[in-house]
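Q: Sharing a structure with you now.
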Amino acid sequence: MNPLNADVVYKFVNQNIVMFHNSRLERLKKINLHEVLKKKNPYLFKAKNVTTASQLIQSILDAFISSSEEKMFGNFLEELAIFICSKVYGGRKSSSTGIDLEFENSTVRYIVAIKSGPNWGNSSQYAALRANFEKAKRVLSQSKQVKFIQPILGICYGKNKTRDYGLYKRIAGQNFWYFISGNKNLYTDIIKPIGYKAKQHNESYDKQKSRVYNLFTQEFLNEFCQAGEINWKSLVKFNSGNYEE
């Protein structure tokens with residue numbers, strides 16, 4: 001185990017958080033109204049009594065952007081965790097399907113699947129996780145150099161207590177960052193560099209988002225509104241119409 005150099009972590013975060021901001025801005029520039037409308041539930045917005053084009057556009061675009069950003073930021077946290085573990089325990093990105101990180105500590109080989117938050121998957125995804133752990137253990141067990149293999153579900157935020165599920169252990173929040181770094185305060189130490197130039201980046205992003213709101217609202221008014229009202233029948237047909245004689 002090597003002591004964690006805070007300056008090295010700060011430098012990595014500062015460089016890579018810029019990539020996150022650039023990615024979310026580029027994603028915003030590339031989306032179009034039809035893409036967003038096809039992925040959101042029109043019945044929900046009717047049930048919520050959405051009556052104006054601007055209100056509908058803001059609701060669906062905010063929901064679309066939120067899910068997209070959650071995924072991108074999750075990828076950033078995964079890369080950060082792998083980088084930190086590489087500096088402390090010589091960790092490395094795993095080549096096994098569904099496994100993100102591998103490292104050794106004493107006589108234990110850890111194989112880690114990293115998830116952003118505690119509500120990351122459904123029953124099918126948990127079943128796939130177990131299958132991936134079982135396969136990775138089976139392959140690694142063929143090596144005489146590996147003595148004990150411990151699968152870990154690592155979750156970057158949340159207060160879930162560490163729990164042993166037999167095949168794998170779940171480690172979340174502060175405990176997860178401590179597990180990969182040996183530093184109990186790491187989970188709060190990374191807040192400052194994550195906010196690096198956040199105001200500057202978000203000013204550019206908000207400007208582009210306002211532009212998209214306006215363009216989408218104008219386009220929606222032209223395509224899905226009639227006499228100043230949302231044509232729900234037309235919208236639902238666009239979103240879900242697929243009957244064939």
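As shown in the structure tokens, the chain order sets the letters A, B, ...; within each chain, residues go from 1, and ligands are also counted from 1 in the order they appear.
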If you run DSSP on this backbone, which residues of region 162-226 of chain A come out as strand (DSSP E), and could you give them as a ChimeraX atom specification?

A: /A:163-164,169-172,225-226

Q: Find the residues around Tyr157 (chain A) up to 9 Å (only C-alpha atoms counted), leave out those fewer than 6 positions away in its own chain, and share them as a list in words.

A: Lys115, Ser116, Gly117, Pro118, Ala172, Gly173, Gln174, Phe176 and Tyr187 of chain A

Q: List every residue of region 25-99 of chain A that has an atom at most 9 Å from any atom of region 225-240 of chain A, giving for each one its closest atom pair and the distance in Å to one decimal, counting only C-alpha atoms, sorted by chain and then by ascending residue number, as a tab-separated table.

A:
residue	atom	partner	partner_atom	distance
A:His34	CA	A:Phe238	CA	8.8
A:Leu37	CA	A:Asn239	CA	6.6
A:Lys38	CA	A:Asn239	CA	5.0
A:Lys39	CA	A:Asn239	CA	8.0
A:Lys40	CA	A:Asn239	CA	8.2
A:Asn41	CA	A:Asn239	CA	8.1
A:Pro42	CA	A:Val236	CA	6.3
A:Tyr43	CA	A:Val236	CA	7.8
A:Lys46	CA	A:Trp232	CA	7.8
A:Thr51	CA	A:Ile230	CA	6.8
A:Thr52	CA	A:Ile230	CA	6.9
A:Ala53	CA	A:Ile230	CA	6.8

Q: Please produce a file of the residues just selected, as a compact mmCIF listing (two decimals), in the first residue's frame, where the atoms kept are all heavy atoms.

A:
# COMPACT_ATOMS: atom_id res chain seq x y z
N HIS A 34 -37.32 15.41 -31.64
CA HIS A 34 -37.94 14.11 -31.88
C HIS A 34 -37.30 13.02 -31.02
O HIS A 34 -37.99 12.13 -30.53
CB HIS A 34 -37.83 13.74 -33.36
CG HIS A 34 -38.75 14.55 -34.22
ND1 HIS A 34 -38.82 14.39 -35.59
CD2 HIS A 34 -39.66 15.52 -33.92
CE1 HIS A 34 -39.71 15.23 -36.09
NE2 HIS A 34 -40.23 15.92 -35.09
N LEU A 37 -38.78 13.45 -27.49
CA LEU A 37 -40.20 13.12 -27.42
C LEU A 37 -40.45 11.62 -27.49
O LEU A 37 -41.38 11.10 -26.87
CB LEU A 37 -40.97 13.81 -28.54
CG LEU A 37 -41.10 15.33 -28.44
CD1 LEU A 37 -41.84 15.88 -29.66
CD2 LEU A 37 -41.82 15.74 -27.16
N LYS A 38 -39.61 10.90 -28.22
CA LYS A 38 -39.79 9.46 -28.37
C LYS A 38 -39.42 8.69 -27.10
O LYS A 38 -39.86 7.56 -26.91
CB LYS A 38 -38.94 8.94 -29.53
CG LYS A 38 -39.47 9.32 -30.91
CD LYS A 38 -38.55 8.81 -32.01
CE LYS A 38 -39.09 9.17 -33.39
NZ LYS A 38 -38.19 8.73 -34.47
N LYS A 39 -38.62 9.31 -26.23
CA LYS A 39 -38.12 8.60 -25.06
C LYS A 39 -38.87 8.93 -23.77
O LYS A 39 -38.57 8.37 -22.73
CB LYS A 39 -36.62 8.88 -24.87
CG LYS A 39 -35.76 8.29 -25.98
CD LYS A 39 -34.28 8.52 -25.71
CE LYS A 39 -33.43 7.87 -26.80
NZ LYS A 39 -31.99 8.04 -26.56
N LYS A 40 -39.84 9.87 -23.85
CA LYS A 40 -40.57 10.26 -22.65
C LYS A 40 -42.05 9.92 -22.77
O LYS A 40 -42.60 9.88 -23.87
CB LYS A 40 -40.36 11.76 -22.38
CG LYS A 40 -38.92 12.13 -22.05
CD LYS A 40 -38.41 11.35 -20.84
CE LYS A 40 -36.93 11.53 -20.61
NZ LYS A 40 -36.43 10.71 -19.48
N ASN A 41 -42.68 9.70 -21.63
CA ASN A 41 -44.05 9.23 -21.56
C ASN A 41 -45.05 10.38 -21.71
O ASN A 41 -45.23 11.16 -20.76
CB ASN A 41 -44.27 8.51 -20.23
CG ASN A 41 -45.63 7.88 -20.09
OD1 ASN A 41 -46.52 8.11 -20.90
ND2 ASN A 41 -45.80 7.08 -19.06
N PRO A 42 -45.75 10.50 -22.85
CA PRO A 42 -46.68 11.62 -23.03
C PRO A 42 -47.89 11.54 -22.10
O PRO A 42 -48.46 12.56 -21.70
CB PRO A 42 -47.09 11.49 -24.51
CG PRO A 42 -46.90 10.04 -24.82
CD PRO A 42 -45.72 9.61 -24.01
N TYR A 43 -48.30 10.30 -21.74
CA TYR A 43 -49.45 10.14 -20.85
C TYR A 43 -49.18 10.75 -19.47
O TYR A 43 -50.07 11.30 -18.83
CB TYR A 43 -49.78 8.66 -20.69
CG TYR A 43 -50.07 7.94 -21.99
CD1 TYR A 43 -49.14 7.03 -22.52
CD2 TYR A 43 -51.24 8.15 -22.70
CE1 TYR A 43 -49.39 6.36 -23.70
CE2 TYR A 43 -51.50 7.48 -23.89
CZ TYR A 43 -50.57 6.59 -24.39
OH TYR A 43 -50.82 5.93 -25.56
N LYS A 46 -49.71 14.51 -19.61
CA LYS A 46 -51.14 14.81 -19.68
C LYS A 46 -51.78 14.64 -18.31
O LYS A 46 -52.60 15.47 -17.88
CB LYS A 46 -51.81 13.89 -20.70
CG LYS A 46 -53.32 14.13 -20.84
CD LYS A 46 -53.63 15.54 -21.32
CE LYS A 46 -55.12 15.71 -21.57
NZ LYS A 46 -55.46 17.11 -21.92
N THR A 51 -50.09 22.10 -19.74
CA THR A 51 -50.97 22.76 -20.72
C THR A 51 -50.25 23.66 -21.72
O THR A 51 -50.85 24.05 -22.72
CB THR A 51 -52.04 23.61 -20.00
OG1 THR A 51 -51.38 24.58 -19.17
CG2 THR A 51 -52.94 22.73 -19.13
N THR A 52 -48.99 23.99 -21.46
CA THR A 52 -48.27 24.88 -22.37
C THR A 52 -47.07 24.17 -22.98
O THR A 52 -46.49 23.27 -22.36
CB THR A 52 -47.79 26.15 -21.66
OG1 THR A 52 -46.77 25.81 -20.71
CG2 THR A 52 -48.95 26.86 -20.96
N ALA A 53 -46.71 24.61 -24.19
CA ALA A 53 -45.56 24.02 -24.88
C ALA A 53 -44.27 24.23 -24.08
O ALA A 53 -43.46 23.32 -23.95
CB ALA A 53 -45.43 24.63 -26.27

Q: Go through region 40-134 of chain A residue by residue and, counting only C-alpha atoms, keep those with an atom at most 8 Å from region 160-171 of chain A; for each kept residue give the shortest atom pair and its distance in Å to one decimal, ordered by chain and increasing number, as JSON lines.

A:
{"residue": "A:Pro118", "atom": "CA", "partner": "A:Asn160", "partner_atom": "CA", "distance": 7.6}
{"residue": "A:Arg130", "atom": "CA", "partner": "A:Leu167", "partner_atom": "CA", "distance": 7.5}
{"residue": "A:Phe133", "atom": "CA", "partner": "A:Tyr168", "partner_atom": "CA", "distance": 7.8}
{"residue": "A:Glu134", "atom": "CA", "partner": "A:Leu167", "partner_atom": "CA", "distance": 7.8}

Q: Write the selection just made, keeping N, CA and C atoms, as a PDB file, in the first residue's frame?

A:
ATOM      1  N   PRO A 118     -26.789   3.986  -5.049  1.00  0.00           N
ATOM      2  CA  PRO A 118     -27.383   2.762  -4.502  1.00  0.00           C
ATOM      3  C   PRO A 118     -28.553   2.215  -5.324  1.00  0.00           C
ATOM      4  N   ARG A 130     -24.214 -10.931 -10.578  1.00  0.00           N
ATOM      5  CA  ARG A 130     -23.803 -12.192  -9.945  1.00  0.00           C
ATOM      6  C   ARG A 130     -23.145 -13.124 -10.966  1.00  0.00           C
ATOM      7  N   PHE A 133     -19.634 -11.886 -11.683  1.00  0.00           N
ATOM      8  CA  PHE A 133     -18.733 -12.205 -10.578  1.00  0.00           C
ATOM      9  C   PHE A 133     -18.349 -13.696 -10.605  1.00  0.00           C
ATOM     10  N   GLU A 134     -19.335 -14.548 -10.817  1.00  0.00           N
ATOM     11  CA  GLU A 134     -19.074 -15.989 -10.837  1.00  0.00           C
ATOM     12  C   GLU A 134     -18.122 -16.369 -11.962  1.00  0.00           C
TER      13      GLU A 134
END

Q: As a PyMOL selection string, please: every residue in region 65-203 of chain A that DSSP puts in alpha helix (DSSP H).

A: chain A and resi 65-89+123-140+173-181+186-189+191-194+198-203

Q: List the spatial neighbours of Met72 (chain A) as a VMD selection string - criterion: any atom at most 12 Å away, only C-alpha atoms, same-chain residues fewer than 2 positions off excluded.

A: chain A and resid 16 to 17 19 to 27 65 to 70 74 to 79 115 to 116
